[in-house]
Amino acid sequence: MEQNGGGRKKREKPNILITGTPGTGKTTMASALAEATQFCHINIGDLVKEKNLHDGWDDQFDCYLINEDLVCDELEDLMEGGGNIVDYHGGDFFRQRWFDRVVVLQTENSVLYDRLTKRGYTGQKLTNNIECEIFQVLLEEAKESYPEEIVVALRSDCIDDMNSNVATLTDWIRSWSCQS
């Protein structure tokens with residue numbers, strides 16, 4: 001691999017981070033995009049459970065306490081090869097050099113509320129996630145953690161949005177591959 005002007009190693013295929021508040025459709029879209037592009041879909045939540053990359057369970061928020069260092073160590077070699085779609089509700093701890101596009105999915109609050117309540121979210125967990133979306137916390141986090149030119153916000157309210165997003169990103173991957 002040769003270096004490009006930004007100091008990043010140029011891969012044959014790009015890596016994409018799909019992030020957003022829980023319930024915005026990250027896993028559904030990442031799976032559809034992986035199928036359309038033959039890229040590898042890496043669901044960080046599943047990886048953490050399968051490989052035991054956590055420091056225990058958080059009873060208050062009903063989730064694992066992710067060990068970010070262990071996750072990054074696990075991903076290092078995979079990410080260098082390119083062709084990965086990483087799906088996680090945050091992204092500020094990943095290595096900046098890993099990603100060529102960072103997608104933040106955004107969902108209208110009433111749609112998100114319905115999705116989260118169907119998942120069984122209640123109380124503080126539900127409130128925190130809705131507020132996170134209202135205040136665009138993950139979009140701001142992405143813009144602070146990655147070069148702004150690689151961060152894009154995409155609407156994710158319905159299946160038509162997802163299909164459009166998959167088409168847009170598939171086209172972007174094709175154009176990225178032609179430039180390398």
# chains A, B, ... in the order shown; residues from 1 in each chain; ligands from 1
>>> residues_around(residues="segment 137-139 of chain A", least_positions_apart="2", cutoff="10 Å", atoms="only C-alpha atoms", output="list in words")
Thr19, Gly20, Thr21, His89, Gly90, Gly91, Asp92, Val102, Val103, Val104, Leu105, Gln106, Asn129, Glu131, Cys132, Glu133, Ile134, Phe135, Glu141, Ala142, Lys143, Glu144, Ser145, Val151, Val152 and Ala153 of chain A
>>> residues_around(residues="Leu112 of chain A", least_positions_apart="2", cutoff="12 Å", atoms="only C-alpha atoms", output="ChimeraX atom specification")
/A:20-25,105-110,114-119,121,126-127,129-134,155-158
>>> residues_around(residues="Asn84 of chain A", least_positions_apart="4", cutoff="8 Å", atoms="only C-alpha atoms", output="list of chain:residue names")
A:Pro14, A:Asn15, A:Ile16, A:Phe39, A:Cys40, A:His41, A:Ile42, A:Leu78, A:Met79
>>> write_last_selection(atoms="all heavy atoms", output="compact mmCIF listing (two decimals), in the first residue's frame")
# COMPACT_ATOMS: atom_id res chain seq x y z
N PRO A 14 -12.44 1.06 0.44
CA PRO A 14 -12.59 1.94 1.60
C PRO A 14 -13.22 1.22 2.79
O PRO A 14 -13.83 0.15 2.64
CB PRO A 14 -13.55 3.02 1.08
CG PRO A 14 -14.39 2.30 0.07
CD PRO A 14 -13.45 1.32 -0.58
N ASN A 15 -13.09 1.82 3.95
CA ASN A 15 -13.80 1.40 5.16
C ASN A 15 -14.83 2.47 5.48
O ASN A 15 -14.55 3.67 5.35
CB ASN A 15 -12.85 1.28 6.35
CG ASN A 15 -11.93 0.09 6.23
OD1 ASN A 15 -12.32 -0.99 5.82
ND2 ASN A 15 -10.66 0.29 6.61
N ILE A 16 -15.99 2.03 5.94
CA ILE A 16 -17.09 2.94 6.26
C ILE A 16 -17.53 2.69 7.70
O ILE A 16 -17.74 1.53 8.09
CB ILE A 16 -18.28 2.73 5.30
CG1 ILE A 16 -17.85 3.02 3.87
CG2 ILE A 16 -19.47 3.60 5.72
CD1 ILE A 16 -18.89 2.65 2.82
N PHE A 39 -18.84 -6.17 0.95
CA PHE A 39 -17.95 -5.75 2.01
C PHE A 39 -18.28 -6.57 3.27
O PHE A 39 -19.33 -7.18 3.36
CB PHE A 39 -18.12 -4.26 2.32
CG PHE A 39 -17.35 -3.33 1.42
CD1 PHE A 39 -17.03 -3.67 0.12
CD2 PHE A 39 -16.95 -2.09 1.89
CE1 PHE A 39 -16.32 -2.80 -0.71
CE2 PHE A 39 -16.24 -1.22 1.07
CZ PHE A 39 -15.93 -1.58 -0.22
N CYS A 40 -17.39 -6.53 4.23
CA CYS A 40 -17.58 -7.23 5.51
C CYS A 40 -18.31 -6.30 6.48
O CYS A 40 -17.88 -5.19 6.73
CB CYS A 40 -16.22 -7.62 6.07
SG CYS A 40 -16.30 -8.43 7.68
N HIS A 41 -19.43 -6.77 7.03
CA HIS A 41 -20.19 -6.01 8.03
C HIS A 41 -19.68 -6.41 9.41
O HIS A 41 -19.74 -7.58 9.78
CB HIS A 41 -21.68 -6.31 7.90
CG HIS A 41 -22.51 -5.71 8.98
ND1 HIS A 41 -23.74 -6.22 9.32
CD2 HIS A 41 -22.32 -4.65 9.80
CE1 HIS A 41 -24.26 -5.50 10.30
NE2 HIS A 41 -23.41 -4.55 10.60
N ILE A 42 -19.19 -5.43 10.16
CA ILE A 42 -18.71 -5.66 11.52
C ILE A 42 -19.63 -4.93 12.48
O ILE A 42 -19.60 -3.70 12.57
CB ILE A 42 -17.25 -5.18 11.70
CG1 ILE A 42 -16.33 -5.87 10.69
CG2 ILE A 42 -16.79 -5.42 13.13
CD1 ILE A 42 -14.94 -5.26 10.60
N LEU A 78 -7.87 -6.16 10.51
CA LEU A 78 -9.03 -6.17 9.61
C LEU A 78 -9.19 -4.84 8.89
O LEU A 78 -9.43 -4.80 7.68
CB LEU A 78 -10.32 -6.41 10.41
CG LEU A 78 -10.79 -7.81 10.65
CD1 LEU A 78 -12.02 -7.80 11.55
CD2 LEU A 78 -11.09 -8.52 9.35
N MET A 79 -9.07 -3.76 9.63
CA MET A 79 -9.32 -2.44 9.07
C MET A 79 -8.25 -2.03 8.06
O MET A 79 -8.55 -1.34 7.08
CB MET A 79 -9.43 -1.39 10.18
CG MET A 79 -10.57 -1.65 11.15
SD MET A 79 -12.17 -1.83 10.35
CE MET A 79 -12.44 -0.16 9.82
>>> closest_residue(among="A:Glu148, A:Asp55, A:Asp160, A:Glu68", to="Asp100 of chain A", atoms="only C-alpha atoms")
A:Glu148
>>> atom_distance(atom1="atom CA of His54 of chain A", atom2="atom CA of Phe99 of chain A")
22.9 Å
>>> closest_residue(among="A:Asp77, A:Ile18, A:Leu65, A:Leu33", to="Val166 of chain A", atoms="only C-alpha atoms")
A:Leu33
>>> closest_atom_pairs(of="segment 58-111 of chain A", to="segment 122-125 of chain A", cutoff="12 Å", atoms="only C-alpha atoms", output="JSON lines")
{"residue": "A:Asp58", "atom": "CA", "partner": "A:Lys125", "partner_atom": "CA", "distance": 11.6}
{"residue": "A:Asp59", "atom": "CA", "partner": "A:Lys125", "partner_atom": "CA", "distance": 10.9}
{"residue": "A:Gln60", "atom": "CA", "partner": "A:Lys125", "partner_atom": "CA", "distance": 8.1}
{"residue": "A:Phe61", "atom": "CA", "partner": "A:Lys125", "partner_atom": "CA", "distance": 5.9}
{"residue": "A:Asp62", "atom": "CA", "partner": "A:Lys125", "partner_atom": "CA", "distance": 8.4}
{"residue": "A:Cys63", "atom": "CA", "partner": "A:Lys125", "partner_atom": "CA", "distance": 10.3}
>>> write_last_selection(atoms="all heavy atoms", output="PDB file, in the first residue's frame")
ATOM      1  N   ASP A  58     -23.469  -3.130  32.517  1.00  0.00           N
ATOM      2  CA  ASP A  58     -24.001  -1.911  33.127  1.00  0.00           C
ATOM      3  C   ASP A  58     -25.490  -2.135  33.373  1.00  0.00           C
ATOM      4  O   ASP A  58     -26.285  -2.147  32.438  1.00  0.00           O
ATOM      5  CB  ASP A  58     -23.776  -0.731  32.181  1.00  0.00           C
ATOM      6  CG  ASP A  58     -24.222   0.599  32.777  1.00  0.00           C
ATOM      7  OD1 ASP A  58     -25.196   0.619  33.557  1.00  0.00           O
ATOM      8  OD2 ASP A  58     -23.601   1.621  32.433  1.00  0.00           O
ATOM      9  N   ASP A  59     -25.850  -2.348  34.636  1.00  0.00           N
ATOM     10  CA  ASP A  59     -27.255  -2.614  34.978  1.00  0.00           C
ATOM     11  C   ASP A  59     -28.147  -1.414  34.695  1.00  0.00           C
ATOM     12  O   ASP A  59     -29.299  -1.574  34.302  1.00  0.00           O
ATOM     13  CB  ASP A  59     -27.378  -3.007  36.459  1.00  0.00           C
ATOM     14  CG  ASP A  59     -26.833  -4.393  36.727  1.00  0.00           C
ATOM     15  OD1 ASP A  59     -26.967  -5.269  35.848  1.00  0.00           O
ATOM     16  OD2 ASP A  59     -26.255  -4.601  37.820  1.00  0.00           O
ATOM     17  N   GLN A  60     -27.632  -0.203  34.888  1.00  0.00           N
ATOM     18  CA  GLN A  60     -28.448   0.995  34.692  1.00  0.00           C
ATOM     19  C   GLN A  60     -28.893   1.131  33.240  1.00  0.00           C
ATOM     20  O   GLN A  60     -30.042   1.452  32.961  1.00  0.00           O
ATOM     21  CB  GLN A  60     -27.681   2.243  35.123  1.00  0.00           C
ATOM     22  CG  GLN A  60     -28.489   3.521  34.945  1.00  0.00           C
ATOM     23  CD  GLN A  60     -27.699   4.771  35.310  1.00  0.00           C
ATOM     24  OE1 GLN A  60     -26.539   4.701  35.691  1.00  0.00           O
ATOM     25  NE2 GLN A  60     -28.341   5.917  35.179  1.00  0.00           N
ATOM     26  N   PHE A  61     -27.975   0.882  32.299  1.00  0.00           N
ATOM     27  CA  PHE A  61     -28.300   1.059  30.888  1.00  0.00           C
ATOM     28  C   PHE A  61     -28.497  -0.263  30.146  1.00  0.00           C
ATOM     29  O   PHE A  61     -28.695  -0.273  28.934  1.00  0.00           O
ATOM     30  CB  PHE A  61     -27.242   1.930  30.198  1.00  0.00           C
ATOM     31  CG  PHE A  61     -27.298   3.346  30.661  1.00  0.00           C
ATOM     32  CD1 PHE A  61     -26.354   3.840  31.535  1.00  0.00           C
ATOM     33  CD2 PHE A  61     -28.324   4.195  30.251  1.00  0.00           C
ATOM     34  CE1 PHE A  61     -26.419   5.152  31.989  1.00  0.00           C
ATOM     35  CE2 PHE A  61     -28.393   5.499  30.691  1.00  0.00           C
ATOM     36  CZ  PHE A  61     -27.439   5.983  31.561  1.00  0.00           C
ATOM     37  N   ASP A  62     -28.426  -1.374  30.890  1.00  0.00           N
ATOM     38  CA  ASP A  62     -28.736  -2.682  30.328  1.00  0.00           C
ATOM     39  C   ASP A  62     -27.879  -2.981  29.097  1.00  0.00           C
ATOM     40  O   ASP A  62     -28.386  -3.313  28.022  1.00  0.00           O
ATOM     41  CB  ASP A  62     -30.238  -2.737  29.978  1.00  0.00           C
ATOM     42  CG  ASP A  62     -30.731  -4.150  29.753  1.00  0.00           C
ATOM     43  OD1 ASP A  62     -30.189  -5.075  30.380  1.00  0.00           O
ATOM     44  OD2 ASP A  62     -31.645  -4.326  28.920  1.00  0.00           O
ATOM     45  N   CYS A  63     -26.550  -2.828  29.257  1.00  0.00           N
ATOM     46  CA  CYS A  63     -25.633  -3.079  28.147  1.00  0.00           C
ATOM     47  C   CYS A  63     -24.241  -3.407  28.695  1.00  0.00           C
ATOM     48  O   CYS A  63     -23.957  -3.182  29.868  1.00  0.00           O
ATOM     49  CB  CYS A  63     -25.558  -1.876  27.212  1.00  0.00           C
ATOM     50  SG  CYS A  63     -24.891  -0.397  28.000  1.00  0.00           S
TER      51      CYS A  63
END
>>> select_by_dssp(residues="segment 27-161 of chain A", states="helix (DSSP H, G or I)", output="VMD selection string")
chain A and resid 27 to 37 44 to 51 68 to 81 96 to 98 109 to 118 123 to 134 137 to 145 148 to 150 159 to 161
>>> write_last_selection(atoms="C-alpha atoms", output="short mmCIF file (atom, residue, chain, number, x, y, z; two decimals), in the first residue's frame")
data_model
loop_
_atom_site.label_atom_id
_atom_site.label_comp_id
_atom_site.auth_asym_id
_atom_site.auth_seq_id
_atom_site.Cartn_x
_atom_site.Cartn_y
_atom_site.Cartn_z
CA THR A 27 -27.44 -2.62 11.53
CA THR A 28 -30.17 -2.93 8.92
CA MET A 29 -28.43 -0.49 6.61
CA ALA A 30 -24.95 -1.90 7.22
CA SER A 31 -26.21 -5.40 6.37
CA ALA A 32 -27.90 -4.19 3.19
CA LEU A 33 -24.81 -2.20 2.15
CA ALA A 34 -22.52 -5.16 2.87
CA GLU A 35 -24.74 -7.38 0.72
CA ALA A 36 -24.78 -4.83 -2.11
CA THR A 37 -21.00 -4.28 -2.06
CA ILE A 44 -19.37 -3.88 17.21
CA GLY A 45 -22.06 -4.90 19.71
CA ASP A 46 -21.95 -8.48 18.44
CA LEU A 47 -18.14 -8.47 18.30
CA VAL A 48 -17.95 -7.29 21.92
CA LYS A 49 -20.23 -10.15 23.04
CA GLU A 50 -18.61 -12.85 20.88
CA LYS A 51 -15.00 -11.98 21.76
CA GLU A 68 -12.39 0.32 23.68
CA ASP A 69 -8.73 -0.74 23.70
CA LEU A 70 -9.63 -4.41 23.27
CA VAL A 71 -12.04 -3.56 20.44
CA CYS A 72 -9.40 -1.49 18.61
CA ASP A 73 -6.81 -4.25 19.05
CA GLU A 74 -9.26 -6.78 17.62
CA LEU A 75 -10.03 -4.60 14.59
CA GLU A 76 -6.54 -3.34 13.72
CA ASP A 77 -5.54 -5.91 11.08
CA LEU A 78 -9.03 -6.17 9.61
CA MET A 79 -9.32 -2.44 9.07
CA GLU A 80 -5.96 -2.10 7.34
CA GLY A 81 -7.20 -4.35 4.53
CA GLN A 96 -9.24 8.01 12.60
CA ARG A 97 -7.08 6.52 9.84
CA TRP A 98 -9.35 3.49 9.54
CA ASN A 109 -37.88 11.77 16.93
CA SER A 110 -41.37 10.24 16.86
CA VAL A 111 -40.16 7.45 14.55
CA LEU A 112 -37.17 6.83 16.82
CA TYR A 113 -39.39 6.82 19.92
CA ASP A 114 -41.62 4.14 18.37
CA ARG A 115 -38.63 2.00 17.35
CA LEU A 116 -37.01 2.20 20.78
CA THR A 117 -40.20 1.46 22.73
CA LYS A 118 -40.76 -1.60 20.48
CA GLY A 123 -37.11 5.27 31.51
CA GLN A 124 -33.66 6.83 31.47
CA LYS A 125 -32.38 4.65 28.63
CA LEU A 126 -35.23 5.79 26.37
CA THR A 127 -34.92 9.44 27.41
CA ASN A 128 -31.14 9.53 26.97
CA ASN A 129 -31.33 8.10 23.45
CA ILE A 130 -34.11 10.45 22.32
CA GLU A 131 -32.20 13.45 23.74
CA CYS A 132 -29.02 12.23 22.03
CA GLU A 133 -30.89 12.37 18.70
CA ILE A 134 -32.58 15.71 19.39
CA VAL A 137 -24.76 14.36 19.76
CA LEU A 138 -23.41 11.66 17.46
CA LEU A 139 -23.16 13.98 14.45
CA GLU A 140 -21.15 16.45 16.52
CA GLU A 141 -19.01 13.64 17.91
CA ALA A 142 -18.27 12.42 14.37
CA LYS A 143 -17.36 15.92 13.19
CA GLU A 144 -15.00 16.33 16.15
CA SER A 145 -13.40 12.89 15.70
CA GLU A 148 -15.34 16.92 8.34
CA GLU A 149 -15.15 16.16 4.62
CA ILE A 150 -15.63 12.42 5.25
CA ILE A 159 -37.26 1.73 4.09
CA ASP A 160 -37.12 4.16 1.15
CA ASP A 161 -34.49 6.19 3.03
#
